[in-house]
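Everything below concerns the one structure shown next.
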There are 2 protein chains.
Amino acid sequence: MPASPIRKLVPYAEEAKRKGITVYHLNIGQPDIETPPNVMEAIRHIDMKVIEYSHSAGIISYRRKLAEYYRRNGIEITPEEMIVTTGGSEAILFALMSCLDPGDEIIIPEPFYANYNGFAIAAGAVIKPIDSSIEDGFALPPISSFEKAITPRTRAIMICNPNNPTGYLYSLEELETLKEIIRKKDLFLFADEVYREFCYDGKRHHSVMNLKGIENNVVLMDSVSKRYSACGVRIGVLISRNKEVMSTAMKFAQARLSPPSLGQVAGEAAVDTPDAYMQAVLNEYVERRNIVVESINNMPGCFCPVPGGAFYATARLPIDDSDKFCRWLLEDFNYENQTVMLAPATGFYSTPGRGKDEVRISYVLNVHHLELAMKCLEEGLKVYPGRT
Amino acid sequence: MPASPIRKLVPYAEEAKRKGITVYHLNIGQPDIETPPNVMEAIRHIDMKVIEYSHSAGIISYRRKLAEYYRRNGIEITPEEMIVTTGGSEAILFALMSCLDPGDEIIIPEPFYANYNGFAIAAGAVIKPIDSSIEDGFALPPISSFEKAITPRTRAIMICNPNNPTGYLYSLEELETLKEIIRKKDLFLFADEVYREFCYDGKRHHSVMNLKGIENNVVLMDSVSKRYSACGVRIGVLISRNKEVMSTAMKFAQARLSPPSLGQVAGEAAVDTPDAYMQAVLNEYVERRNIVVESINNMPGCFCPVPGGAFYATARLPIDDSDKFCRWLLEDFNYENQTVMLAPATGFYSTPGRGKDEVRISYVLNVHHLELAMKCLEEGLKVYPGRT
């Protein structure tokens, strides 16, 4: 497994800090937002004598609470159709291992979340990327792209909605289009919906769980990490109405005994997080998104589509090579003793050569720092030797 | 992956309880011992605003604390030679995935911990069992058994010390014997030492980490679960001095982002658990072991070697089929409205047909309940129709 482009930059960021330079980290998926106080309170009032293994599918009271959460979001799911996992990561791994045999292929529009590569390797699955384009804001590729990519080994299509790294929010029409391919070819549809709450400009999130007629094909992967800014609890969930998939996934779940018990206590409390908290977080992200998108679109030669959700944007810059540029920002540049760390988009493409003029920006810093970071980017682009 | 023999019994145990029968669970690895109060206190006083991802290799202050723990146990290890994992389970999985290619073989003396099967399947590795025998208390098989089992695909030997399911504690001489094979054939030596503290009768535990001359071959898998009766925190650790192994394992660790942050807080506090707690637990287990071993050896036709460690014993009973017997105990038998749930040893053997006259007993209940459970077993054996 090759090291990711972001990981390769870490030593340069550390070296910059040693030189006394402030580095704004727009390269990570760890929000700075505080975990809801009700979650921290639940942990502080934990009432256990023995921190036992939970049920391999998760504590039943937590799964019932999750069913409540999904019902509120218009998704009808029973506790039996869920397996609580160790983060969304394990949900992805279980989904791949349960539905695909080694050598089976999975189609994913690129750019896509880089860690899918690692889970595919672990499951012996082969990722077949298809192009989505920055020109139309990374919308769902046309149906012909999927059809061209399908081979006798194709078993699944995977989407992330809203998307990491593009922030694109799929419309109901796009999901209906996907449904037709899934039904026609009898494939699995894997959907990573961990950013469900983060939809902007009055747009609504549509879950794959509500696509009629492909109930047995859909596998949902979810997580509390981003929703409640609690990445460290390592609690996710795998959901499917397909009994065979769940029965296979359950065997993997039993082999690793149980998801973290303390994290489940946090997750159960998190379902009761007040609307006011969620709304405040949403407002904060919208403001940040606007700063990022407007700043970049005002920089000569730059283009950033307006993301409809999540807290990422993928932008095109006038640069020769995003890996080199991101390293240069850390190694050879600073503006008033500050610089910015971005994620080269090359890590989100599996087609070699793609993403060389794109970067991913996570808007996980407060508005003030984000503005300073955008200034660094603007000044950096003015003097970058590899500018095109 | 087939369902384990224990899992198959669960519905029968539930049915027995519905009928009002008390079921003594000697089938599980979940101790009833209370988690140390200092661990619970650390959780209640947790001081975080955001429950963030930790470093993928684990929080550095926790790894430093772990180095202290190992030093106290005579093992010199640096934080760089550790990756904190999501339970011992993930340490096993990372070890197999990092050291073995699909189709590579790993030799394990049987009976062995049944979940090794699941992790081997996930890693594409093939387990080659070799016989250990109840007659000599499940001691290390002779060197000739290992030599016969080695093929060009053999990459590793795995031991669990003290052993689950037998309770056997390997002597220094046995480990030195293993070392010679490892060195001669340049194999990996995987050691699961999660029961390190639980050694009885004044016997000392010897770690594979202290075997001289095979430093680059040794991979240690450890966990806080059993040591501090905190199975639900899901915190383990993978340890090796082999830089290449650790670098590969680190890529898997990065793909799943981080081990649970709350569990690491618990783990860090656990290192300071007072000796008095550990000593009290040890005394309790010795008393329980003595009850189990003496009771069984007093039952006609039964034999239970004296385990030197862990909290398991594997006993031979005068029965036709341990799967049937364990089911019969739950389905068709009760003594004064009580019965006992045991683990058929068939699940711990990968050679078909082995373990049919053996059961594993976990002494995870208090002395009083253990005595009642032994009485149930004794009375059950008197009337079991499949008695041999």
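By convention here, the chains of the structure tokens are called A, B, ... in the order presented, each chain's residues are numbered starting at 1, and ligands are numbered starting at 1 in the order presented.
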
| Contacts of Leu282 of chain B within 10 Å, only C-alpha atoms, excl. fewer than 2 positions in-chain, as a list in words | Glu197, Phe198, Cys199, Tyr200, Ala276, Tyr277, Met278, Gln279, Ala280, Glu284, Tyr285, Val286, Glu287, Arg288, Gly309, Ala310 and Phe311 of chain B

(message) Neighbouring residues of segment 353-360 of chain A were defined as those with any atom within 9 Å, considering only C-alpha atoms; residues of the same chain fewer than 6 positions away were excluded. Please report them as a PyMOL selection string.
(response) chain A and resi 26-27+111+165-166+312-323+326+342-347

**Non-local contacts of Ala255 of chain A (8 Å; only C-alpha atoms; under 5 positions in same chain excluded) as an MDAnalysis selection string** = chainID B and resid 89 115 118:119

Which residues of chain A come within 6 Å of chain B, and what is each one's closest atom pair and distance in Å (one decimal), counting only C-alpha atoms, sorted by chain and residue number, as a tab-separated table?
residue	atom	partner	partner_atom	distance
A:Glu34	CA	B:Val50	CA	4.9
A:Thr35	CA	B:Val50	CA	4.9
A:Arg44	CA	B:Arg44	CA	4.0
A:Lys49	CA	B:Glu34	CA	5.5
A:Val50	CA	B:Glu34	CA	4.9
A:Ile51	CA	B:Ala230	CA	4.7
A:Glu52	CA	B:Gly232	CA	4.5
A:Tyr53	CA	B:Gly232	CA	4.2
A:Ser89	CA	B:Arg256	CA	5.5
A:Asn115	CA	B:Ala255	CA	5.4
A:Gly118	CA	B:Ala255	CA	5.8
A:Ala230	CA	B:Ile51	CA	4.7
A:Cys231	CA	B:Glu52	CA	5.2
A:Gly232	CA	B:Tyr53	CA	4.2
A:Val233	CA	B:Pro260	CA	5.4
A:Arg234	CA	B:Pro260	CA	5.4
A:Ala255	CA	B:Asn115	CA	5.4
A:Arg256	CA	B:Ser89	CA	5.5
A:Pro260	CA	B:Val233	CA	5.4
A:Ser261	CA	B:Gly232	CA	4.9

As a compact mmCIF listing (two decimals) with C-alpha atoms, in the first residue's frame, please: chain B after a least-squares superposition onto chain A using all C-alpha atoms matched in order.
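Ended up saving to result05.txt:
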# COMPACT_ATOMS: atom_id res chain seq x y z
CA MET B 1 -0.01 -0.02 0.04
CA PRO B 2 1.64 3.29 -0.97
CA ALA B 3 1.85 6.16 1.52
CA SER B 4 -0.79 8.82 0.84
CA PRO B 5 0.24 12.21 -0.59
CA ILE B 6 -0.92 13.89 2.64
CA ARG B 7 1.22 11.60 4.83
CA LYS B 8 4.26 12.40 2.72
CA LEU B 9 3.79 16.09 3.56
CA VAL B 10 3.71 15.62 7.33
CA PRO B 11 7.49 15.88 7.89
CA TYR B 12 7.55 19.16 5.91
CA ALA B 13 4.75 20.59 8.06
CA GLU B 14 6.66 19.57 11.17
CA GLU B 15 9.84 21.17 9.88
CA ALA B 16 7.98 24.41 9.07
CA LYS B 17 6.63 24.52 12.63
CA ARG B 18 10.13 23.93 14.01
CA LYS B 19 11.21 27.01 12.07
CA GLY B 20 8.49 29.00 13.89
CA ILE B 21 6.03 29.18 11.00
CA THR B 22 2.29 28.96 11.75
CA VAL B 23 0.76 26.21 9.61
CA TYR B 24 -3.00 26.35 8.94
CA HIS B 25 -4.14 22.74 8.58
CA LEU B 26 -6.76 22.59 5.84
CA ASN B 27 -5.60 19.08 4.98
CA ILE B 28 -7.48 17.06 7.58
CA GLY B 29 -10.96 15.67 8.28
CA GLN B 30 -10.82 16.44 12.00
CA PRO B 31 -13.18 19.35 12.72
CA ASP B 32 -12.28 21.90 15.39
CA ILE B 33 -15.97 22.08 16.45
CA GLU B 34 -16.56 21.09 20.08
CA THR B 35 -18.21 17.73 20.78
CA PRO B 36 -21.78 18.37 22.08
CA PRO B 37 -21.75 18.94 25.88
CA ASN B 38 -24.44 16.27 26.35
CA VAL B 39 -22.03 13.69 24.91
CA MET B 40 -19.21 14.70 27.26
CA GLU B 41 -21.66 14.65 30.20
CA ALA B 42 -22.78 11.11 29.35
CA ILE B 43 -19.16 9.95 29.47
CA ARG B 44 -18.50 11.70 32.77
CA HIS B 45 -21.57 10.06 34.31
CA ILE B 46 -20.83 6.61 33.00
CA ASP B 47 -22.29 3.98 35.30
CA MET B 48 -20.51 0.65 34.82
CA LYS B 49 -18.71 -1.62 37.26
CA VAL B 50 -17.16 -3.68 34.48
CA ILE B 51 -16.43 -2.25 31.03
CA GLU B 52 -17.70 -5.35 29.26
CA TYR B 53 -17.77 -6.41 25.65
CA SER B 54 -21.02 -5.23 24.13
CA HIS B 55 -23.11 -7.37 21.78
CA SER B 56 -21.06 -7.81 18.60
CA ALA B 57 -23.73 -5.86 16.68
CA GLY B 58 -23.70 -3.10 19.31
CA ILE B 59 -25.58 -2.36 22.54
CA ILE B 60 -29.29 -2.89 21.87
CA SER B 61 -30.34 0.35 23.59
CA TYR B 62 -27.96 2.22 21.28
CA ARG B 63 -29.31 0.49 18.18
CA ARG B 64 -32.86 1.36 19.23
CA LYS B 65 -31.77 4.96 19.71
CA LEU B 66 -30.18 4.90 16.25
CA ALA B 67 -33.46 3.65 14.78
CA GLU B 68 -35.05 6.77 16.33
CA TYR B 69 -32.37 8.95 14.73
CA TYR B 70 -32.94 7.41 11.29
CA ARG B 71 -36.73 7.66 11.63
CA ARG B 72 -36.34 11.41 12.33
CA ASN B 73 -34.35 11.55 9.11
CA GLY B 74 -37.08 9.76 7.15
CA ILE B 75 -35.33 6.39 7.09
CA GLU B 76 -37.16 3.35 8.51
CA ILE B 77 -34.65 0.85 9.85
CA THR B 78 -34.84 -1.74 12.62
CA PRO B 79 -32.08 -2.54 15.17
CA GLU B 80 -31.74 -5.94 13.46
CA GLU B 81 -30.73 -4.25 10.22
CA MET B 82 -27.76 -2.52 11.90
CA ILE B 83 -24.31 -3.56 13.05
CA VAL B 84 -22.53 -0.94 15.15
CA THR B 85 -18.94 -0.72 13.93
CA THR B 86 -15.60 0.63 15.10
CA GLY B 87 -15.89 3.88 13.18
CA GLY B 88 -17.23 4.30 9.68
CA SER B 89 -13.93 2.70 8.62
CA GLU B 90 -14.95 -0.72 9.87
CA ALA B 91 -18.39 -0.37 8.27
CA ILE B 92 -16.67 0.12 4.90
CA LEU B 93 -14.36 -2.83 5.52
CA PHE B 94 -17.21 -5.13 6.59
CA ALA B 95 -19.30 -4.05 3.58
CA LEU B 96 -16.50 -4.83 1.13
CA MET B 97 -15.55 -8.12 2.79
CA SER B 98 -19.17 -9.27 3.04
CA CYS B 99 -20.27 -8.44 -0.52
CA LEU B 100 -17.15 -8.91 -2.66
CA ASP B 101 -14.89 -11.85 -3.41
CA PRO B 102 -11.18 -11.25 -4.02
CA GLY B 103 -10.79 -9.88 -7.53
CA ASP B 104 -14.33 -8.49 -7.69
CA GLU B 105 -14.61 -4.94 -8.95
CA ILE B 106 -16.23 -1.87 -7.45
CA ILE B 107 -16.92 1.27 -9.45
CA ILE B 108 -16.33 4.60 -7.70
CA PRO B 109 -16.56 8.07 -9.24
CA GLU B 110 -13.23 9.77 -8.71
CA PRO B 111 -11.99 11.80 -6.89
CA PHE B 112 -12.93 9.66 -3.87
CA TYR B 113 -11.99 9.31 -0.18
CA ALA B 114 -8.43 7.96 -0.31
CA ASN B 115 -8.88 5.40 2.48
CA TYR B 116 -11.31 3.42 0.29
CA ASN B 117 -8.09 2.17 -1.37
CA GLY B 118 -6.77 0.63 1.83
CA PHE B 119 -10.05 -1.11 2.63
CA ALA B 120 -10.31 -2.43 -0.94
CA ILE B 121 -6.78 -3.87 -0.66
CA ALA B 122 -7.68 -5.48 2.66
CA ALA B 123 -10.79 -7.04 1.08
CA GLY B 124 -8.98 -8.04 -2.12
CA ALA B 125 -11.38 -5.89 -4.14
CA VAL B 126 -10.38 -3.88 -7.21
CA ILE B 127 -11.49 -0.24 -7.50
CA LYS B 128 -12.49 0.84 -11.01
CA PRO B 129 -12.64 4.64 -11.03
CA ILE B 130 -14.82 6.64 -13.39
CA ASP B 131 -14.40 10.35 -14.05
CA SER B 132 -16.40 13.04 -12.35
CA SER B 133 -15.51 16.51 -13.51
CA ILE B 134 -14.73 19.76 -11.73
CA GLU B 135 -16.42 21.62 -14.63
CA ASP B 136 -19.85 20.49 -13.50
CA GLY B 137 -18.97 20.58 -9.80
CA PHE B 138 -18.22 16.83 -9.59
CA ALA B 139 -21.80 15.77 -10.36
CA LEU B 140 -22.62 12.09 -10.91
CA PRO B 141 -20.88 10.88 -14.08
CA PRO B 142 -23.25 10.05 -16.97
CA ILE B 143 -24.82 6.62 -17.01
CA SER B 144 -22.69 5.75 -20.07
CA SER B 145 -19.53 6.03 -17.93
CA PHE B 146 -20.87 3.44 -15.51
CA GLU B 147 -21.97 1.15 -18.35
CA LYS B 148 -18.55 1.34 -19.98
CA ALA B 149 -16.84 0.45 -16.69
CA ILE B 150 -19.01 -2.57 -15.90
CA THR B 151 -17.37 -5.96 -16.51
CA PRO B 152 -18.39 -9.49 -15.52
CA ARG B 153 -16.40 -8.96 -12.27
CA THR B 154 -18.28 -5.78 -11.26
CA ARG B 155 -20.18 -6.32 -8.02
CA ALA B 156 -20.84 -2.84 -6.67
CA ILE B 157 -20.93 0.92 -7.10
CA MET B 158 -19.85 3.12 -4.21
CA ILE B 159 -20.75 6.74 -3.56
CA CYS B 160 -20.06 9.18 -0.75
CA ASN B 161 -22.93 11.66 -0.32
CA PRO B 162 -22.33 14.51 0.44
CA ASN B 163 -18.93 13.83 -0.98
CA ASN B 164 -15.48 13.78 0.50
CA PRO B 165 -13.32 15.28 -1.13
CA THR B 166 -15.58 17.39 -3.38
CA GLY B 167 -18.47 18.41 -1.10
CA TYR B 168 -20.87 17.50 -3.92
CA LEU B 169 -24.42 16.64 -2.81
CA TYR B 170 -26.19 14.17 -5.11
CA SER B 171 -29.70 15.12 -6.19
CA LEU B 172 -32.66 12.77 -6.02
CA GLU B 173 -32.55 12.56 -9.83
CA GLU B 174 -28.94 11.43 -9.77
CA LEU B 175 -29.74 8.78 -7.18
CA GLU B 176 -32.66 7.56 -9.29
CA THR B 177 -30.29 7.27 -12.26
CA LEU B 178 -27.90 5.22 -10.15
CA LYS B 179 -30.80 3.05 -9.03
CA GLU B 180 -31.55 2.09 -12.61
CA ILE B 181 -28.00 0.83 -13.21
CA ILE B 182 -27.99 -1.00 -9.88
CA ARG B 183 -31.27 -2.70 -10.69
CA LYS B 184 -30.44 -3.48 -14.30
CA LYS B 185 -27.09 -5.09 -13.47
CA ASP B 186 -28.06 -6.37 -9.98
CA LEU B 187 -25.11 -4.69 -8.26
CA PHE B 188 -24.61 -3.59 -4.68
CA LEU B 189 -24.93 0.14 -4.00
CA PHE B 190 -22.60 1.19 -1.16
CA ALA B 191 -23.28 4.66 0.20
CA ASP B 192 -21.16 6.53 2.71
CA GLU B 193 -23.51 9.15 4.19
CA VAL B 194 -21.45 10.32 7.15
CA TYR B 195 -21.95 13.99 6.20
CA ARG B 196 -25.77 13.65 5.90
CA GLU B 197 -26.50 16.65 8.17
CA PHE B 198 -24.15 19.01 6.39
CA CYS B 199 -26.24 20.19 3.42
CA TYR B 200 -26.35 23.86 2.49
CA ASP B 201 -28.45 26.46 0.69
CA GLY B 202 -31.70 24.80 1.68
CA LYS B 203 -30.81 21.60 -0.22
CA ARG B 204 -32.10 18.32 1.20
CA HIS B 205 -30.15 15.11 1.63
CA HIS B 206 -31.62 12.02 -0.01
CA SER B 207 -30.57 8.68 1.38
CA VAL B 208 -30.02 5.58 -0.74
CA MET B 209 -32.05 3.76 1.91
CA ASN B 210 -35.19 5.30 0.42
CA LEU B 211 -34.63 4.17 -3.17
CA LYS B 212 -37.56 1.86 -3.95
CA GLY B 213 -37.04 -1.50 -5.59
CA ILE B 214 -33.35 -2.02 -4.71
CA GLU B 215 -33.78 -2.58 -0.97
CA ASN B 216 -31.72 -5.77 -1.11
CA ASN B 217 -28.87 -4.11 -3.01
CA VAL B 218 -28.25 -1.13 -0.75
CA VAL B 219 -25.60 -1.04 1.98
CA LEU B 220 -25.29 2.12 4.06
CA MET B 221 -22.11 3.08 5.92
CA ASP B 222 -22.45 5.74 8.56
CA SER B 223 -20.53 7.26 11.47
CA VAL B 224 -20.94 9.61 14.43
CA SER B 225 -17.44 11.06 13.89
CA LYS B 226 -18.21 14.11 11.78
CA ARG B 227 -21.88 14.53 12.73
CA TYR B 228 -21.05 15.21 16.39
CA SER B 229 -17.40 16.17 15.98
CA ALA B 230 -16.38 13.06 17.91
CA CYS B 231 -14.01 11.27 15.55
CA GLY B 232 -12.12 9.67 18.44
CA VAL B 233 -15.06 7.63 19.76
CA ARG B 234 -14.68 5.28 16.75
CA ILE B 235 -18.35 4.49 16.35
CA GLY B 236 -20.00 3.86 13.02
CA VAL B 237 -22.75 1.64 11.72
CA LEU B 238 -23.33 -0.74 8.83
CA ILE B 239 -26.93 -0.89 7.64
CA SER B 240 -28.64 -3.12 5.13
CA ARG B 241 -32.00 -4.75 4.59
CA ASN B 242 -30.22 -7.62 2.84
CA LYS B 243 -30.29 -10.41 5.41
CA GLU B 244 -27.54 -12.43 3.76
CA VAL B 245 -25.16 -9.45 3.75
CA MET B 246 -25.91 -8.73 7.41
CA SER B 247 -25.46 -12.36 8.37
CA THR B 248 -22.02 -12.47 6.70
CA ALA B 249 -21.02 -9.10 8.19
CA MET B 250 -22.11 -10.40 11.60
CA LYS B 251 -19.48 -13.14 11.39
CA PHE B 252 -16.76 -10.53 10.89
CA ALA B 253 -18.31 -8.53 13.75
CA GLN B 254 -18.24 -11.57 16.03
CA ALA B 255 -14.60 -12.29 15.16
CA ARG B 256 -13.60 -8.86 16.50
CA LEU B 257 -15.92 -9.37 19.49
CA SER B 258 -17.47 -5.92 19.95
CA PRO B 259 -17.30 -2.25 19.00
CA PRO B 260 -15.98 0.11 21.75
CA SER B 261 -18.39 0.21 24.72
CA LEU B 262 -17.44 3.71 25.91
CA GLY B 263 -17.89 5.09 22.41
CA GLN B 264 -21.35 3.56 22.24
CA VAL B 265 -22.33 5.40 25.42
CA ALA B 266 -21.19 8.60 23.69
CA GLY B 267 -23.04 7.66 20.50
CA GLU B 268 -26.28 6.94 22.35
CA ALA B 269 -26.15 10.31 24.09
CA ALA B 270 -25.30 12.02 20.81
CA VAL B 271 -28.66 11.08 19.27
CA ASP B 272 -30.27 13.51 21.74
CA THR B 273 -28.00 16.40 20.74
CA PRO B 274 -30.17 19.54 20.65
CA ASP B 275 -31.19 20.93 17.25
CA ALA B 276 -29.66 24.25 18.29
CA TYR B 277 -26.19 22.65 18.38
CA MET B 278 -26.63 21.10 14.94
CA GLN B 279 -27.98 24.36 13.51
CA ALA B 280 -25.08 26.39 14.93
CA VAL B 281 -22.58 23.95 13.41
CA LEU B 282 -24.35 24.13 10.05
CA ASN B 283 -24.29 27.96 10.09
CA GLU B 284 -20.62 27.90 10.96
CA TYR B 285 -19.78 25.56 8.07
CA VAL B 286 -21.79 27.63 5.58
CA GLU B 287 -19.90 30.77 6.57
CA ARG B 288 -16.59 28.94 6.23
CA ARG B 289 -17.52 27.42 2.90
CA ASN B 290 -18.44 30.84 1.54
CA ILE B 291 -15.07 32.26 2.59
CA VAL B 292 -13.17 29.42 0.92
CA VAL B 293 -15.18 29.38 -2.30
CA GLU B 294 -15.29 33.16 -2.73
CA SER B 295 -11.61 33.61 -1.88
CA ILE B 296 -10.46 30.97 -4.34
CA ASN B 297 -12.74 32.10 -7.16
CA ASN B 298 -11.28 35.59 -6.73
CA MET B 299 -7.73 34.32 -7.22
CA PRO B 300 -6.58 34.60 -10.85
CA GLY B 301 -6.62 31.28 -12.70
CA CYS B 302 -8.40 29.45 -9.87
CA PHE B 303 -11.76 27.69 -9.84
CA CYS B 304 -13.71 26.24 -6.96
CA PRO B 305 -17.21 24.84 -7.53
CA VAL B 306 -19.70 25.60 -4.75
CA PRO B 307 -20.05 22.45 -2.61
CA GLY B 308 -23.58 21.60 -1.54
CA GLY B 309 -22.50 19.70 1.56
CA ALA B 310 -19.83 18.18 3.84
CA PHE B 311 -16.90 20.41 4.84
CA TYR B 312 -14.61 19.94 1.87
CA ALA B 313 -14.02 21.72 -1.40
CA THR B 314 -11.87 20.58 -4.26
CA ALA B 315 -10.41 23.50 -6.23
CA ARG B 316 -8.44 23.80 -9.46
CA LEU B 317 -5.30 25.93 -9.20
CA PRO B 318 -2.88 27.22 -11.86
CA ILE B 319 -0.11 24.83 -10.81
CA ASP B 320 2.05 22.19 -12.46
CA ASP B 321 1.78 19.52 -9.78
CA SER B 322 -0.31 19.59 -6.61
CA ASP B 323 2.08 17.31 -4.68
CA LYS B 324 4.96 19.68 -5.42
CA PHE B 325 2.89 22.77 -4.74
CA CYS B 326 1.63 21.56 -1.35
CA ARG B 327 5.17 20.61 -0.38
CA TRP B 328 6.53 23.93 -1.60
CA LEU B 329 3.97 25.80 0.54
CA LEU B 330 5.41 24.06 3.61
CA GLU B 331 9.06 23.87 2.66
CA ASP B 332 9.89 27.04 0.76
CA PHE B 333 7.14 29.53 1.38
CA ASN B 334 5.65 31.65 4.10
CA TYR B 335 3.65 34.83 4.19
CA GLU B 336 4.26 36.89 7.30
CA ASN B 337 5.53 33.72 8.97
CA GLN B 338 2.40 31.73 8.14
CA THR B 339 1.56 29.08 5.58
CA VAL B 340 -1.17 26.58 4.75
CA MET B 341 -1.24 22.82 4.45
CA LEU B 342 -3.56 21.47 1.75
CA ALA B 343 -4.29 17.96 0.51
CA PRO B 344 -2.99 17.29 -3.03
CA ALA B 345 -5.95 15.93 -4.99
CA THR B 346 -3.71 13.27 -6.56
CA GLY B 347 -4.42 11.14 -3.47
CA PHE B 348 -8.14 11.13 -4.29
CA TYR B 349 -7.75 9.86 -7.83
CA SER B 350 -6.70 6.37 -8.70
CA THR B 351 -6.15 7.22 -12.36
CA PRO B 352 -2.46 8.19 -12.60
CA GLY B 353 -1.89 11.82 -13.56
CA ARG B 354 -5.30 13.07 -12.46
CA GLY B 355 -5.64 15.70 -9.74
CA LYS B 356 -2.32 17.34 -10.51
CA ASP B 357 -3.91 20.79 -10.72
CA GLU B 358 -6.38 20.27 -7.89
CA VAL B 359 -6.26 20.42 -4.08
CA ARG B 360 -8.76 19.51 -1.39
CA ILE B 361 -9.51 22.10 1.24
CA SER B 362 -11.17 21.04 4.51
CA TYR B 363 -12.81 24.02 6.14
CA VAL B 364 -12.18 22.79 9.66
CA LEU B 365 -10.76 26.05 11.08
CA ASN B 366 -12.57 29.07 12.40
CA VAL B 367 -13.43 31.97 10.11
CA HIS B 368 -10.51 34.11 11.20
CA HIS B 369 -7.89 31.41 10.63
CA LEU B 370 -9.55 30.41 7.39
CA GLU B 371 -9.21 33.98 6.10
CA LEU B 372 -5.53 34.04 7.03
CA ALA B 373 -5.04 30.66 5.36
CA MET B 374 -6.71 31.88 2.15
CA LYS B 375 -4.40 34.90 2.16
CA CYS B 376 -1.41 32.54 2.39
CA LEU B 377 -2.73 30.52 -0.55
CA GLU B 378 -3.28 33.66 -2.61
CA GLU B 379 0.21 35.01 -1.91
CA GLY B 380 1.74 31.57 -2.46
CA LEU B 381 0.17 31.22 -5.88
CA LYS B 382 1.63 34.60 -6.89
CA VAL B 383 5.20 33.43 -6.39
CA TYR B 384 5.05 29.63 -6.88
CA PRO B 385 7.74 28.76 -9.45
CA GLY B 386 5.62 25.98 -10.97
CA ARG B 387 2.69 28.28 -11.74
CA THR B 388 1.12 27.56 -15.11

| message | I need the residues in segment 180-340 of chain A that are alpha helix (DSSP H) according to DSSP; give them as a PyMOL selection string. | response | chain A and resi 180-185+243-255+261-270+275-297+322-331

Writing out the chosen residues with C-alpha atoms as a compact mmCIF listing (two decimals), in the first residue's frame:
# COMPACT_ATOMS: atom_id res chain seq x y z
CA GLU A 180 -31.55 2.07 -12.61
CA ILE A 181 -27.99 0.83 -13.22
CA ILE A 182 -27.98 -1.00 -9.89
CA ARG A 183 -31.26 -2.73 -10.70
CA LYS A 184 -30.41 -3.51 -14.31
CA LYS A 185 -27.05 -5.09 -13.46
CA LYS A 243 -30.28 -10.43 5.41
CA GLU A 244 -27.52 -12.43 3.77
CA VAL A 245 -25.15 -9.46 3.76
CA MET A 246 -25.89 -8.74 7.41
CA SER A 247 -25.44 -12.37 8.37
CA THR A 248 -22.01 -12.47 6.71
CA ALA A 249 -21.01 -9.10 8.18
CA MET A 250 -22.09 -10.40 11.59
CA LYS A 251 -19.46 -13.13 11.38
CA PHE A 252 -16.74 -10.53 10.89
CA ALA A 253 -18.30 -8.54 13.74
CA GLN A 254 -18.21 -11.57 16.03
CA ALA A 255 -14.57 -12.29 15.15
CA SER A 261 -18.38 0.21 24.71
CA LEU A 262 -17.44 3.72 25.92
CA GLY A 263 -17.88 5.11 22.41
CA GLN A 264 -21.34 3.57 22.24
CA VAL A 265 -22.34 5.40 25.42
CA ALA A 266 -21.21 8.61 23.69
CA GLY A 267 -23.05 7.67 20.50
CA GLU A 268 -26.28 6.94 22.36
CA ALA A 269 -26.17 10.32 24.10
CA ALA A 270 -25.31 12.03 20.82
CA ASP A 275 -31.21 20.94 17.25
CA ALA A 276 -29.70 24.26 18.30
CA TYR A 277 -26.23 22.65 18.38
CA MET A 278 -26.65 21.11 14.94
CA GLN A 279 -27.99 24.37 13.51
CA ALA A 280 -25.11 26.39 14.94
CA VAL A 281 -22.60 23.96 13.42
CA LEU A 282 -24.37 24.15 10.07
CA ASN A 283 -24.31 27.96 10.10
CA GLU A 284 -20.64 27.90 10.96
CA TYR A 285 -19.80 25.57 8.07
CA VAL A 286 -21.80 27.64 5.57
CA GLU A 287 -19.91 30.76 6.57
CA ARG A 288 -16.59 28.94 6.24
CA ARG A 289 -17.52 27.44 2.91
CA ASN A 290 -18.42 30.84 1.55
CA ILE A 291 -15.05 32.27 2.59
CA VAL A 292 -13.16 29.42 0.92
CA VAL A 293 -15.16 29.38 -2.31
CA GLU A 294 -15.27 33.17 -2.74
CA SER A 295 -11.60 33.62 -1.89
CA ILE A 296 -10.45 30.98 -4.34
CA ASN A 297 -12.73 32.09 -7.16
CA SER A 322 -0.31 19.59 -6.59
CA ASP A 323 2.08 17.31 -4.67
CA LYS A 324 4.97 19.65 -5.42
CA PHE A 325 2.89 22.76 -4.74
CA CYS A 326 1.62 21.55 -1.34
CA ARG A 327 5.17 20.58 -0.36
CA TRP A 328 6.54 23.91 -1.58
CA LEU A 329 3.97 25.78 0.55
CA LEU A 330 5.42 24.04 3.60
CA GLU A 331 9.08 23.85 2.66

Checklist entry - Quick one: DSSP strand (DSSP E or B) residues in segment 145-306 of chain A, as an MDAnalysis selection string? => result chainID A and resid 154:160 188:192 199 218:223 236:240 303
